[in-house]
$ cat input-v9.csv   # CSV, C-alpha atoms
chain,number,residue,atom,x,y,z
A,1,MET,CA,195.7,79.6,74.2
A,2,ALA,CA,194.3,78.2,70.9
A,3,SER,CA,197.6,78.9,69.1
A,4,SER,CA,199.5,77.3,71.9
A,5,ILE,CA,197.5,74.1,71.6
A,6,ALA,CA,197.8,74.1,67.9
A,7,HIS,CA,201.6,74.5,68.2
A,8,PHE,CA,201.6,71.7,70.8
A,9,LEU,CA,199.7,69.3,68.6
A,10,VAL,CA,202.0,69.9,65.6
A,11,LEU,CA,205.1,69.2,67.7
A,12,SER,CA,203.5,66.1,69.1
A,13,ALA,CA,202.9,64.8,65.6
A,14,ILE,CA,206.6,65.5,64.7
A,15,ILE,CA,207.7,63.6,67.8
A,16,VAL,CA,205.7,60.6,66.7
A,17,VAL,CA,207.3,60.5,63.3
A,18,LEU,CA,210.8,60.9,64.8
A,19,PHE,CA,210.3,58.0,67.2
A,20,SER,CA,208.4,55.6,65.0
A,21,SER,CA,211.4,54.2,63.3
A,22,THR,CA,213.2,53.3,66.5
A,23,GLN,CA,210.6,51.4,68.5
A,24,ALA,CA,210.9,47.6,68.5
A,25,GLU,CA,207.9,45.5,69.3
A,26,VAL,CA,208.3,42.6,71.7
A,27,GLN,CA,207.3,39.4,69.8
A,28,GLY,CA,205.3,36.5,71.1
A,29,SER,CA,202.1,36.0,73.1
A,30,PHE,CA,201.2,37.4,76.4
A,31,ASP,CA,202.3,34.2,78.2
A,32,ASP,CA,205.6,34.4,76.4
A,33,ASN,CA,206.4,37.8,77.9
A,34,PHE,CA,204.4,38.1,81.1
A,35,SER,CA,203.2,36.3,84.2
A,36,LYS,CA,199.9,37.3,85.8
A,37,SER,CA,198.9,37.4,89.4
A,38,CYS,CA,195.1,37.3,89.7
A,39,PRO,CA,192.2,34.9,89.4
A,40,GLU,CA,191.6,33.7,85.8
A,41,THR,CA,188.2,35.4,85.9
A,42,HIS,CA,189.9,38.8,86.2
A,43,PHE,CA,192.1,38.5,83.1
A,44,LYS,CA,190.7,38.3,79.6
A,45,THR,CA,192.0,38.9,76.1
A,46,SER,CA,190.5,39.8,72.8
A,47,GLU,CA,189.9,37.0,70.3
A,48,ASP,CA,193.2,37.7,68.6
A,49,GLY,CA,195.0,38.0,71.9
A,50,GLN,CA,196.3,41.5,71.2
A,51,ILE,CA,194.2,43.4,73.8
A,52,TRP,CA,194.4,42.4,77.5
A,53,TYR,CA,191.7,43.3,80.0
A,54,LEU,CA,192.3,43.5,83.7
A,55,SER,CA,189.4,43.7,86.1
A,56,LEU,CA,188.8,44.7,89.7
A,57,ASP,CA,185.9,43.8,91.9
A,58,LYS,CA,185.3,43.7,95.6
A,59,LYS,CA,187.0,40.3,95.8
A,60,ALA,CA,190.2,40.9,93.8
A,61,GLY,CA,192.2,43.0,91.5
A,62,CYS,CA,194.6,41.9,88.8
A,63,GLY,CA,198.2,42.4,87.7
A,64,PHE,CA,201.0,41.2,85.4
A,65,MET,CA,204.7,41.5,85.2
A,66,THR,CA,207.4,40.8,82.6
A,67,LYS,CA,209.4,37.6,82.9
A,68,GLN,CA,212.5,39.6,81.8
A,69,LYS,CA,214.4,42.3,83.7
A,70,TYR,CA,215.9,45.3,82.0
A,71,ARG,CA,218.4,48.0,82.8
A,72,PHE,CA,218.0,51.1,80.7
A,73,GLY,CA,216.0,51.6,77.5
A,74,TRP,CA,212.6,52.6,76.1
A,75,PHE,CA,209.5,51.0,77.6
A,76,SER,CA,206.0,51.6,76.2
A,77,MET,CA,202.4,50.4,76.5
A,78,LYS,CA,199.0,51.5,75.3
A,79,LEU,CA,196.3,51.8,77.9
A,80,LYS,CA,192.6,52.6,78.0
A,81,LEU,CA,191.5,53.4,81.5
A,82,VAL,CA,188.3,52.5,83.5
A,83,GLY,CA,185.4,54.6,82.4
A,84,GLY,CA,182.5,56.0,84.4
A,85,ASP,CA,182.6,56.2,88.1
A,86,SER,CA,186.2,55.1,88.9
A,87,ALA,CA,186.8,56.9,92.2
A,88,GLY,CA,189.1,55.0,94.4
A,89,VAL,CA,190.4,52.8,91.6
A,90,VAL,CA,194.1,53.0,90.6
A,91,THR,CA,195.5,51.6,87.4
A,92,ALA,CA,199.3,51.3,87.6
A,93,TYR,CA,202.0,50.9,85.0
A,94,TYR,CA,205.5,50.9,86.4
A,95,MET,CA,208.9,49.5,86.6
A,96,CYS,CA,210.4,47.9,89.8
A,97,THR,CA,213.4,45.9,90.8
A,98,GLU,CA,211.3,43.3,92.6
A,99,ASP,CA,207.9,41.7,92.8
A,100,GLY,CA,206.6,43.5,95.9
A,101,ALA,CA,207.1,46.6,97.9
A,102,GLY,CA,210.5,45.7,99.3
A,103,PRO,CA,212.5,48.0,101.6
A,104,THR,CA,215.4,48.5,99.1
A,105,ARG,CA,213.5,48.6,95.8
A,106,ASP,CA,214.0,51.1,93.0
A,107,GLU,CA,210.8,52.0,91.1
A,108,LEU,CA,209.5,54.3,88.3
A,109,ASP,CA,205.7,54.8,88.5
A,110,PHE,CA,202.8,55.8,86.3
A,111,GLU,CA,199.6,55.7,88.5
A,112,PHE,CA,196.2,56.7,87.1
A,113,LEU,CA,193.9,57.9,89.8
A,114,GLY,CA,190.2,57.3,89.1
A,115,ASN,CA,187.5,59.9,89.8
A,116,ARG,CA,183.8,60.4,89.9
A,117,THR,CA,182.0,60.5,86.6
A,118,GLY,CA,182.7,63.7,84.8
A,119,GLU,CA,185.7,64.6,86.8
A,120,PRO,CA,189.2,64.3,85.2
A,121,TYR,CA,191.6,61.4,85.8
A,122,LEU,CA,194.9,62.4,87.5
A,123,ILE,CA,198.2,60.9,86.5
A,124,GLN,CA,200.7,60.5,89.2
A,125,THR,CA,204.4,59.7,88.6
A,126,ASN,CA,207.0,58.8,91.2
A,127,VAL,CA,210.6,57.8,91.5
A,128,TYR,CA,212.0,55.4,94.2
A,129,LYS,CA,215.6,54.7,95.1
A,130,ASN,CA,216.4,52.0,97.7
A,131,GLY,CA,212.9,51.9,99.0
A,132,THR,CA,212.4,55.7,99.4
A,133,GLY,CA,210.0,57.6,97.1
A,134,ASN,CA,208.2,60.8,98.0
A,135,ARG,CA,209.0,62.2,94.6
A,136,GLU,CA,205.4,62.6,93.4
A,137,MET,CA,204.1,64.7,90.6
A,138,ARG,CA,200.5,64.9,89.5
A,139,HIS,CA,199.2,66.1,86.1
A,140,VAL,CA,195.8,66.4,84.4
A,141,LEU,CA,195.6,65.1,80.9
A,142,TRP,CA,194.6,67.0,77.7
A,143,PHE,CA,192.3,64.1,76.7
A,144,ASP,CA,189.8,61.6,78.2
A,145,PRO,CA,191.9,58.5,78.8
A,146,THR,CA,188.8,56.3,79.0
A,147,GLU,CA,187.6,56.9,75.5
A,148,ASP,CA,190.5,55.4,73.5
A,149,PHE,CA,194.0,53.9,73.9
A,150,HIS,CA,196.9,56.2,74.6
A,151,THR,CA,200.6,55.5,74.8
A,152,TYR,CA,202.5,55.8,78.1
A,153,SER,CA,206.3,55.4,77.9
A,154,ILE,CA,209.5,55.7,80.0
A,155,LEU,CA,212.9,56.6,78.7
A,156,TRP,CA,215.5,55.4,81.1
A,157,ASN,CA,219.3,55.8,80.8
A,158,THR,CA,222.1,56.8,83.1
A,159,HIS,CA,221.6,60.5,82.3
A,160,GLN,CA,217.8,61.0,82.7
A,161,ILE,CA,214.4,59.4,83.2
A,162,VAL,CA,211.6,60.9,81.1
A,163,PHE,CA,207.9,60.0,81.4
A,164,PHE,CA,206.0,60.4,78.1
A,165,VAL,CA,202.3,60.5,77.3
A,166,ASP,CA,201.6,60.0,73.6
A,167,ARG,CA,205.3,60.9,73.0
A,168,VAL,CA,205.0,64.2,74.9
A,169,PRO,CA,207.4,64.5,77.8
A,170,ILE,CA,205.4,65.3,81.0
A,171,ARG,CA,208.2,64.7,83.5
A,172,VAL,CA,212.0,64.8,83.4
A,173,TYR,CA,214.2,63.5,86.2
A,174,LYS,CA,217.9,64.2,85.6
A,175,ASN,CA,221.0,62.5,87.0
A,176,ALA,CA,223.4,65.1,88.2
A,177,ASN,CA,225.5,62.9,90.5
A,178,TYR,CA,223.5,64.1,93.5
A,179,THR,CA,225.2,63.9,96.8
A,180,ASN,CA,222.0,62.2,98.1
A,181,ASN,CA,222.5,59.6,95.4
A,182,PHE,CA,218.8,59.7,94.4
A,183,PHE,CA,218.9,58.4,90.9
A,184,PRO,CA,218.0,54.8,90.2
A,185,ASN,CA,220.5,53.4,87.7
A,186,GLU,CA,222.2,50.4,89.4
A,187,LYS,CA,219.5,47.7,89.5
A,188,PRO,CA,217.6,46.1,86.6
A,189,MET,CA,213.8,46.3,86.7
A,190,TYR,CA,210.7,44.3,85.7
A,191,LEU,CA,207.7,46.0,84.1
A,192,PHE,CA,204.4,45.7,85.9
A,193,SER,CA,200.8,46.8,85.5
A,194,SER,CA,197.9,46.3,87.8
A,195,ILE,CA,194.4,47.5,88.8
A,196,TRP,CA,193.6,47.8,92.5
A,197,ASN,CA,191.4,49.5,95.1
A,198,ALA,CA,193.1,52.4,96.8
A,199,ASP,CA,190.1,54.4,98.1
A,200,ASP,CA,192.0,55.1,101.3
A,201,TRP,CA,194.1,57.8,99.4
A,202,ALA,CA,193.6,57.8,95.6
A,203,THR,CA,190.6,60.2,95.1
A,204,ARG,CA,190.6,63.5,97.1
A,205,GLY,CA,192.9,62.0,99.7
A,206,GLY,CA,190.6,59.1,100.4
A,207,LEU,CA,187.4,61.2,100.8
A,208,GLU,CA,185.8,59.6,97.7
A,209,LYS,CA,185.3,55.8,98.2
A,210,THR,CA,185.0,53.1,95.5
A,211,ASN,CA,181.4,52.6,94.3
A,212,TRP,CA,181.2,48.9,94.2
A,213,LYS,CA,177.8,49.1,92.5
A,214,SER,CA,179.9,49.9,89.4
A,215,GLN,CA,182.1,46.8,89.5
A,216,PRO,CA,183.8,45.3,87.7
A,217,PHE,CA,186.2,48.0,86.8
A,218,VAL,CA,188.2,47.1,83.7
A,219,SER,CA,191.4,48.6,82.3
A,220,SER,CA,192.7,47.6,78.8
A,221,TYR,CA,196.2,47.2,77.4
A,222,LYS,CA,197.9,46.5,74.1
A,223,ASP,CA,201.1,47.1,72.1
A,224,PHE,CA,203.7,46.5,74.7
A,225,ASN,CA,207.0,47.6,73.3
A,226,VAL,CA,210.5,47.5,74.7
A,227,ASP,CA,213.8,48.6,73.1
A,228,GLY,CA,216.1,48.1,76.1
A,229,CYS,CA,218.9,46.1,77.6
A,230,GLN,CA,217.8,42.7,78.8
A,231,TRP,CA,219.5,41.8,82.0
A,232,LYS,CA,221.9,38.8,82.0
A,233,ASP,CA,223.9,37.9,85.0
A,234,PRO,CA,226.4,38.9,86.1
A,235,TYR,CA,226.5,42.0,84.0
A,236,PRO,CA,225.2,42.4,80.4
A,237,SER,CA,227.4,44.2,77.9
A,238,CYS,CA,224.7,46.5,76.7
A,239,VAL,CA,224.6,48.6,79.9
A,240,SER,CA,228.2,49.7,79.4
A,241,THR,CA,228.6,53.2,78.1
A,242,THR,CA,229.1,52.1,74.5
A,243,THR,CA,226.2,54.3,73.3
A,244,GLN,CA,225.4,51.7,70.7
A,245,ASN,CA,221.7,52.0,71.4
A,246,TRP,CA,219.7,55.1,70.5
A,247,TRP,CA,218.3,55.3,74.0
A,248,ASP,CA,221.8,55.8,75.4
A,249,GLN,CA,223.2,58.1,72.7
A,250,TYR,CA,223.8,61.8,73.2
A,251,ASP,CA,220.4,62.9,71.8
A,252,SER,CA,218.6,60.8,74.4
A,253,TRP,CA,220.6,62.4,77.3
A,254,HIS,CA,218.4,65.5,77.2
A,255,LEU,CA,215.2,66.8,75.6
A,256,SER,CA,215.3,68.0,72.0
A,257,SER,CA,214.3,71.5,71.1
A,258,ASP,CA,210.8,70.5,70.1
A,259,GLN,CA,210.4,68.3,73.2
A,260,LYS,CA,211.5,71.3,75.4
A,261,LEU,CA,208.6,73.4,73.9
A,262,ASP,CA,206.1,70.6,74.6
A,263,TYR,CA,207.5,70.1,78.1
A,264,ALA,CA,207.1,73.8,78.8
A,265,TRP,CA,203.5,73.7,77.7
A,266,VAL,CA,202.9,70.8,80.0
A,267,GLN,CA,204.5,72.6,82.9
A,268,ARG,CA,202.4,75.7,82.4
A,269,ASN,CA,199.0,74.0,81.8
A,270,LEU,CA,198.9,70.4,83.3
A,271,VAL,CA,200.9,70.2,86.5
A,272,ILE,CA,198.7,70.3,89.6
A,273,TYR,CA,201.2,69.0,92.2
A,274,ASP,CA,205.0,69.0,92.3
A,275,TYR,CA,206.9,67.7,95.4
A,276,CYS,CA,209.6,70.2,94.7
A,277,GLN,CA,207.1,73.0,95.4
A,278,ASP,CA,205.7,71.5,98.6
A,279,THR,CA,207.4,73.4,101.3
A,280,GLU,CA,205.3,71.8,104.0
A,281,ARG,CA,206.6,68.3,103.2
A,282,PHE,CA,210.0,69.6,102.2
A,283,PRO,CA,211.1,72.8,104.1
A,284,LYS,CA,214.4,72.2,102.5
A,285,LYS,CA,214.1,71.3,98.8
A,286,PRO,CA,215.6,67.9,97.8
A,287,GLU,CA,218.8,68.4,96.0
A,288,GLU,CA,217.5,67.3,92.6
A,289,CYS,CA,214.8,70.0,92.7
A,290,TRP,CA,217.5,72.7,92.1
A,291,LEU,CA,218.4,71.2,88.7
A,292,ASN,CA,216.9,72.6,85.5
A,293,PRO,CA,215.4,69.5,83.8
A,294,TRP,CA,215.8,71.2,80.4
A,295,GLU,CA,219.5,71.2,80.5
$ encode --input "input-v9.csv" --output "structure tokens"
Amino acid sequence: MASSIAHFLVLSAIIVVLFSSTQAEVQGSFDDNFSKSCPETHFKTSEDGQIWYLSLDKKAGCGFMTKQKYRFGWFSMKLKLVGGDSAGVVTAYYMCTEDGAGPTRDELDFEFLGNRTGEPYLIQTNVYKNGTGNREMRHVLWFDPTEDFHTYSILWNTHQIVFFVDRVPIRVYKNANYTNNFFPNEKPMYLFSSIWNADDWATRGGLEKTNWKSQPFVSSYKDFNVDGCQWKDPYPSCVSTTTQNWWDQYDSWHLSSDQKLDYAWVQRNLVIYDYCQDTERFPKKPEECWLNPWE
């Protein structure tokens, strides 16, 4: 196990180096790029404006969204999650085609599920197409996400969707022209983040309730980065299959050899729930579950 972890850390470092030259930071202030939806008292920034703090109390939560929509690209943010007793609290970082849970939305989710002090955070990912989700996976992390900032990223092109944590692929969702058409690639999406109370389901299926004595709950954000296709009506040229962008070139259509090794390590050690293995919910596996994500 020790040698496996050492190998994993070396590969992670290599991945950081490989990606560092391609990431393009969005310029401008928070207000240039985002709009927020919460009381002013629930959103604060560091003195230099580079770190953003969202808070949740019994009265309200907080969220923000990009002013720009994107279709395909690389989307990244650094987060530090709520520390201490965070049971019932969900911090979300996701992409969605609309502001709200509309019946025809497409969505790509990172959700961080709080827990009692000393218990690990769970990270839940999900994929929606035309308002239907139910594609959940849950992982534990190999670090404490409340102690420092870590990078959470989504690679989205017409061939695959990959969820990354610190450049390590934890989930791969492939497009294989499913007959069920369950791959979101037609609609542009905004990026969102929020903190909210979900103690009806988030921790142990809703058995653990939010301890409001610990309020306010604060999540922190910085280094928002996008290298993607900004949507322009009626149809931006950059979403055509020109492969002019690194995130839509052949090497981004599948995992690299090193990424496959990291992904295998994650699958062996960190996955605690996979909808593809849930025969009670899905007596017949969804079509995409039969595809090898490593191909």
$ residues_near_point --input "input-v9.csv" --point "(197.3, 51.3, 82.1)" --cutoff "12 Å" --atoms "all atoms listed in the file" --output "ChimeraX atom specification"
/A:51-55,62-64,76-82,89-94,109-114,123,145-146,148-153,165,191-196,218-224
$ closest_residue --input "input-v9.csv" --among "A:Phe30, A:Tyr263, A:Trp246, A:Phe72" --to "Gln230 of chain A" --atoms "only C-alpha atoms"
A:Phe72
$ residues_around --input "input-v9.csv" --residues "Asp31 of chain A" --least-positions-apart "6" --cutoff "12 Å" --atoms "only C-alpha atoms" --output "number ranges by chain"
A: 45, 49-50, 52, 64-67
$ residues_around --input "input-v9.csv" --residues "Glu136 of chain A" --least-positions-apart "3" --cutoff "9 Å" --atoms "all atoms listed in the file" --output "PDB file with C-alpha atoms, keeping the file's coordinate frame"
ATOM      1  CA  GLN A 124     200.700  60.500  89.200  1.00  0.00           C
ATOM      2  CA  THR A 125     204.400  59.700  88.600  1.00  0.00           C
ATOM      3  CA  ASN A 126     207.000  58.800  91.200  1.00  0.00           C
ATOM      4  CA  VAL A 127     210.600  57.800  91.500  1.00  0.00           C
ATOM      5  CA  GLY A 133     210.000  57.600  97.100  1.00  0.00           C
ATOM      6  CA  TYR A 273     201.200  69.000  92.200  1.00  0.00           C
ATOM      7  CA  ASP A 274     205.000  69.000  92.300  1.00  0.00           C
ATOM      8  CA  TYR A 275     206.900  67.700  95.400  1.00  0.00           C
ATOM      9  CA  CYS A 276     209.600  70.200  94.700  1.00  0.00           C
TER      10      CYS A 276
END
$ atom_distance --input "input-v9.csv" --atom1 "atom CA of Asp85 of chain A" --atom2 "atom CA of Thr117 of chain A"
4.6 Å
$ closest_residue --input "input-v9.csv" --among "A:Ser86, A:Trp74, A:Lys69, A:Tyr178" --to "Asn211 of chain A" --atoms "only C-alpha atoms"
A:Ser86
